[in-house]
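Since the structure comes first, as structure tokens, the remarks are kept for the end.
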Amino acid sequence: ECILSGIMSVNGKKVLHMDRNPYYGGESASITPLEDLYKRFKIPGAPPASMGRGRDWNVDLIPKFLMANGQLVKMLLFTEVTRYLDFKVTEGSFVYKGGKIYKVPSTEAEALASSLMGLFEKRRFRKFLVYVANFDENDPRTFEGIDPKKTSMREVYKKFDLGQDVIDFTGHALALYRTDDYLDQPCCETINRIKLYSESLARYGKSPYLYPLYGLGELPQGFARLSAIYGGTYMLNKPIEEIIMQNGKVIGVKSEGEIARCKQLICDPSYVKDRVEKVGQVIRVICILSHPIKNTNDANSCQIIIPQNQVNRKSDIYVCMISSAHNVAAQGKYIAIASTTVETKEPEKEIRPALELLEPIEQKFVSISDLLVPKDLGTESQIFISRTYDATTHFETTCDDIKDIYKRMTGSEFDFEEMKRKKNDIYGED
């Protein structure tokens, strides 16, 4: 919502952005001080003294990293919102296999040294990566007999003679699919996803992921500032009493007895319970640790992916870990957040393989959220509703949603060029 209000303001629309919460970012806020997190999760008593100062904490409710070459970074660069934020590269990406975690090879040298694969497998995998790097869907000379629109990914793996373990980590740790449904779909998207991973990795070297200092709550604030520079108004702590409709179309929003009139409304599912439907659930467990995660080389930030096949599930389990190095925790403390799509009546049992990797855990905060999606496109009502955040650990699906809402609202395809700040319209900035 903040990104859209920023973009709409740059596009010359008059924007009023109201939030019933006292902080930015709604569902994807960073909570500070630590005392507020304890209250939010109804944990009795105050945080122990060993947790340090409450205001040194900024704890994300929804764990996500940014792909260095992904869509959100593009949005930040084009709008120059990067000037309000500082990023760090996440130190490593790991994948779970047979109860242990292994670093996802990030260079050719690492791939050759990795114990994830045997010697001959490595050579075949390298061939596959070279093929992916050269692949260009607009240049048939790079296809080598594969039809990107027809050949399934399963067949591509077969062509390069890759074994099950390699398929597992390629599909889940590189292409970042949550399930195995992609295997029987045309290979074009998977190849592009692996390219995105490799290109993101090539930018900074340690991993393809970036994370903002002071937490993800900085992102919505950055876009809210962008909106303000272009004349948008942002109101926190603003209760929404009613959405006013006329002939099936939105004409305004009532708050504290006043009506703000509008032609279009963007909101998340929590504001319009009757216009959304539930398509699943996500469990997230925020864990506070006093130690880096075992077998990660004492990384101060990392991602661990547990592919579903390894734990007899249909969807992957993710762990994102950050620490005091990112100004989100007290000195010497680490925040690890495990998340997955719920498949059974006992979500806490489902996430256990991830929590076992994090032991000992000082304090955990468990949330189970419904995944809600709009029932319609909003064309009639002009109410455009975003989808709930999914279990993925990066913002690519969120950006797809932003582009989708943009298209539904304006009738035209989302164009990154549209987001560029108009050089002569910047008020009060150097």
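Identifiers for the structure tokens are assigned positionally: chains receive A, B, ... in sequence, residues are indexed from 1 per chain, and ligands are indexed from 1 in the order shown.
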Skipping near chain neighbours, those fewer than 5 positions away, what residues fall within 10 Å of Ile317 (chain A) using only C-alpha atoms, listed as number ranges by chain? A: 96, 178, 283-284, 304-308, 311, 338-342, 350-354, 391-393
I'd like the contact shell of Glu343 (chain A) - 10 Å cut-off, only C-alpha atoms, skipping same-chain residues fewer than 3 positions apart - returned as a PyMOL selection string. chain A and resi 280-283+313-315+340+346-347+350
Going by DSSP on the backbone, which residues of region 169-283 of chain A come out as strand (DSSP E)? List them as an mmCIF file with N, CA and C atoms, in the first residue's frame.
data_model
loop_
_atom_site.group_PDB
_atom_site.id
_atom_site.type_symbol
_atom_site.label_atom_id
_atom_site.label_comp_id
_atom_site.auth_asym_id
_atom_site.auth_seq_id
_atom_site.Cartn_x
_atom_site.Cartn_y
_atom_site.Cartn_z
ATOM 1 N N TYR A 209 20.646 -11.918 -1.367
ATOM 2 C CA TYR A 209 19.649 -11.195 -0.580
ATOM 3 C C TYR A 209 20.199 -9.941 0.094
ATOM 4 N N LEU A 210 19.345 -8.911 0.153
ATOM 5 C CA LEU A 210 19.690 -7.690 0.885
ATOM 6 C C LEU A 210 18.677 -7.506 2.011
ATOM 7 N N TYR A 211 19.093 -6.740 3.049
ATOM 8 C CA TYR A 211 18.192 -6.475 4.172
ATOM 9 C C TYR A 211 18.460 -5.064 4.673
ATOM 10 N N PRO A 212 17.393 -4.281 4.946
ATOM 11 C CA PRO A 212 17.612 -2.885 5.365
ATOM 12 C C PRO A 212 17.984 -2.759 6.844
ATOM 13 N N THR A 233 -0.758 12.768 1.632
ATOM 14 C CA THR A 233 -0.919 12.957 3.077
ATOM 15 C C THR A 233 -0.995 11.593 3.743
ATOM 16 N N TYR A 234 -0.262 11.425 4.840
ATOM 17 C CA TYR A 234 -0.259 10.133 5.536
ATOM 18 C C TYR A 234 -0.768 10.353 6.958
ATOM 19 N N MET A 235 -1.752 9.565 7.387
ATOM 20 C CA MET A 235 -2.260 9.692 8.755
ATOM 21 C C MET A 235 -2.165 8.364 9.483
ATOM 22 N N GLU A 242 -16.088 3.311 8.239
ATOM 23 C CA GLU A 242 -16.970 2.761 7.212
ATOM 24 C C GLU A 242 -16.443 3.153 5.840
ATOM 25 N N ILE A 243 -16.649 2.254 4.881
ATOM 26 C CA ILE A 243 -16.331 2.597 3.488
ATOM 27 C C ILE A 243 -17.661 2.968 2.845
ATOM 28 N N ILE A 244 -17.752 4.188 2.332
ATOM 29 C CA ILE A 244 -19.028 4.692 1.806
ATOM 30 C C ILE A 244 -19.174 4.318 0.330
ATOM 31 N N MET A 245 -20.280 3.650 0.021
ATOM 32 C CA MET A 245 -20.522 3.201 -1.354
ATOM 33 C C MET A 245 -21.736 3.938 -1.931
ATOM 34 N N GLN A 246 -21.752 4.079 -3.249
ATOM 35 C CA GLN A 246 -22.937 4.626 -3.925
ATOM 36 C C GLN A 246 -23.063 3.888 -5.251
ATOM 37 N N LYS A 249 -20.286 1.571 -6.038
ATOM 38 C CA LYS A 249 -18.942 2.133 -6.249
ATOM 39 C C LYS A 249 -18.492 2.875 -4.998
ATOM 40 N N VAL A 250 -17.190 2.838 -4.712
ATOM 41 C CA VAL A 250 -16.690 3.548 -3.528
ATOM 42 C C VAL A 250 -16.692 5.060 -3.795
ATOM 43 N N ILE A 251 -17.188 5.855 -2.809
ATOM 44 C CA ILE A 251 -17.114 7.314 -2.994
ATOM 45 C C ILE A 251 -16.399 7.994 -1.827
ATOM 46 N N GLY A 252 -16.105 7.212 -0.770
ATOM 47 C CA GLY A 252 -15.397 7.840 0.341
ATOM 48 C C GLY A 252 -15.176 6.894 1.510
ATOM 49 N N VAL A 253 -14.449 7.391 2.505
ATOM 50 C CA VAL A 253 -14.138 6.618 3.699
ATOM 51 C C VAL A 253 -14.477 7.480 4.905
ATOM 52 N N LYS A 254 -15.206 6.898 5.872
ATOM 53 C CA LYS A 254 -15.612 7.658 7.052
ATOM 54 C C LYS A 254 -14.657 7.351 8.196
ATOM 55 N N SER A 255 -14.129 8.417 8.820
ATOM 56 C CA SER A 255 -13.217 8.244 9.943
ATOM 57 C C SER A 255 -13.480 9.347 10.951
ATOM 58 N N GLU A 258 -15.863 12.137 10.081
ATOM 59 C CA GLU A 258 -15.705 12.908 8.832
ATOM 60 C C GLU A 258 -15.616 11.949 7.650
ATOM 61 N N ILE A 259 -15.944 12.453 6.472
ATOM 62 C CA ILE A 259 -15.825 11.612 5.282
ATOM 63 C C ILE A 259 -14.746 12.172 4.352
ATOM 64 N N ALA A 260 -13.798 11.316 4.015
ATOM 65 C CA ALA A 260 -12.798 11.703 3.008
ATOM 66 C C ALA A 260 -13.289 11.110 1.692
ATOM 67 N N ARG A 261 -13.483 11.952 0.679
ATOM 68 C CA ARG A 261 -14.029 11.448 -0.583
ATOM 69 C C ARG A 261 -12.906 10.917 -1.486
ATOM 70 N N LEU A 265 -9.976 3.264 -4.068
ATOM 71 C CA LEU A 265 -9.498 2.932 -2.726
ATOM 72 C C LEU A 265 -8.599 1.702 -2.796
ATOM 73 N N ILE A 266 -7.433 1.788 -2.154
ATOM 74 C CA ILE A 266 -6.547 0.618 -2.057
ATOM 75 C C ILE A 266 -6.481 0.235 -0.582
ATOM 76 N N CYS A 267 -6.624 -1.059 -0.267
ATOM 77 C CA CYS A 267 -6.486 -1.444 1.139
ATOM 78 C C CYS A 267 -6.068 -2.904 1.251
ATOM 79 N N VAL A 276 -13.136 -10.478 0.762
ATOM 80 C CA VAL A 276 -11.976 -11.354 0.560
ATOM 81 C C VAL A 276 -12.339 -12.792 0.927
ATOM 82 N N GLU A 277 -11.523 -13.745 0.424
ATOM 83 C CA GLU A 277 -11.750 -15.140 0.827
ATOM 84 C C GLU A 277 -10.439 -15.763 1.274
ATOM 85 N N LYS A 278 -10.574 -16.775 2.141
ATOM 86 C CA LYS A 278 -9.389 -17.415 2.724
ATOM 87 C C LYS A 278 -8.925 -18.548 1.820
ATOM 88 N N VAL A 279 -7.632 -18.563 1.493
ATOM 89 C CA VAL A 279 -7.116 -19.627 0.616
ATOM 90 C C VAL A 279 -6.065 -20.487 1.320
ATOM 91 N N GLY A 280 -5.857 -20.236 2.610
ATOM 92 C CA GLY A 280 -4.864 -21.035 3.331
ATOM 93 C C GLY A 280 -4.390 -20.288 4.557
ATOM 94 N N GLN A 281 -3.328 -20.803 5.175
ATOM 95 C CA GLN A 281 -2.761 -20.169 6.365
ATOM 96 C C GLN A 281 -1.245 -20.256 6.332
ATOM 97 N N VAL A 282 -0.610 -19.308 7.036
ATOM 98 C CA VAL A 282 0.850 -19.336 7.178
ATOM 99 C C VAL A 282 1.163 -19.314 8.670
ATOM 100 N N ILE A 283 2.125 -20.154 9.095
ATOM 101 C CA ILE A 283 2.588 -20.050 10.482
ATOM 102 C C ILE A 283 3.954 -19.383 10.464
#
Please, what distance in Å, to one decimal, runs between CA of Thr179 (chain A) and CA of Leu371 (chain A)? 16.5 Å
Which parts of region 37-227 of chain A does DSSP call alpha helix (DSSP H) when run on the backbone here, written out as number ranges by chain? A: 37-40, 71-79, 108-113, 119-134, 153-159, 164-169, 188-204, 218-227
Could you give me, as CSV, a per-residue list for region 187-296 of chain A showing, wherever an atom lies at most 10 Å from an atom of region 118-142 of chain A, the closest pair of atoms and their distance in Å to one decimal, using only C-alpha atoms and sorting by chain then residue number from low to high?
residue,atom,partner,partner_atom,distance
A:Cys188,CA,A:Glu137,CA,7.4
A:Glu189,CA,A:Glu137,CA,9.9
A:Thr190,CA,A:Val132,CA,9.7
A:Ile191,CA,A:Val132,CA,6.1
A:Asn192,CA,A:Val132,CA,8.0
A:Arg193,CA,A:Val132,CA,9.8
A:Ile194,CA,A:Val132,CA,7.4
A:Lys195,CA,A:Ala133,CA,6.3
A:Leu196,CA,A:Ala133,CA,9.8
A:Ser198,CA,A:Ala133,CA,8.0
A:Glu199,CA,A:Ala133,CA,8.8
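Ranking A:Asn309, A:Leu201, A:Thr32, A:Ile288 by their shortest atom-to-atom distance to Asp165 (chain A), with only C-alpha atoms included, puts A:Asn309 first.
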Counting only C-alpha atoms, which residues in region 120-235 of chain A sit no more than 8 Å from region 77-86 of chain A? For each one, give the nearest pair of atoms and the distance in Å, sorted by chain then residue number, as CSV.
residue,atom,partner,partner_atom,distance
A:Pro212,CA,A:Asp86,CA,5.6
A:Leu213,CA,A:Asp86,CA,5.6
A:Glu218,CA,A:Leu85,CA,7.1
A:Leu219,CA,A:Leu85,CA,7.8
A:Gly222,CA,A:Val81,CA,5.8
A:Phe223,CA,A:Val81,CA,6.6
A:Leu226,CA,A:Val81,CA,6.9
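Nearest to Tyr38 (chain A) of all the residues A:Pro208, A:Val366, A:Ala175, A:Pro22 is A:Val366, counting only C-alpha atoms.
Of the listed residues A:Thr296, A:Ser5, A:Ser323, A:Ser270, the one whose atoms come nearest to Val373 (chain A) is A:Ser270, with distances taken using only C-alpha atoms.
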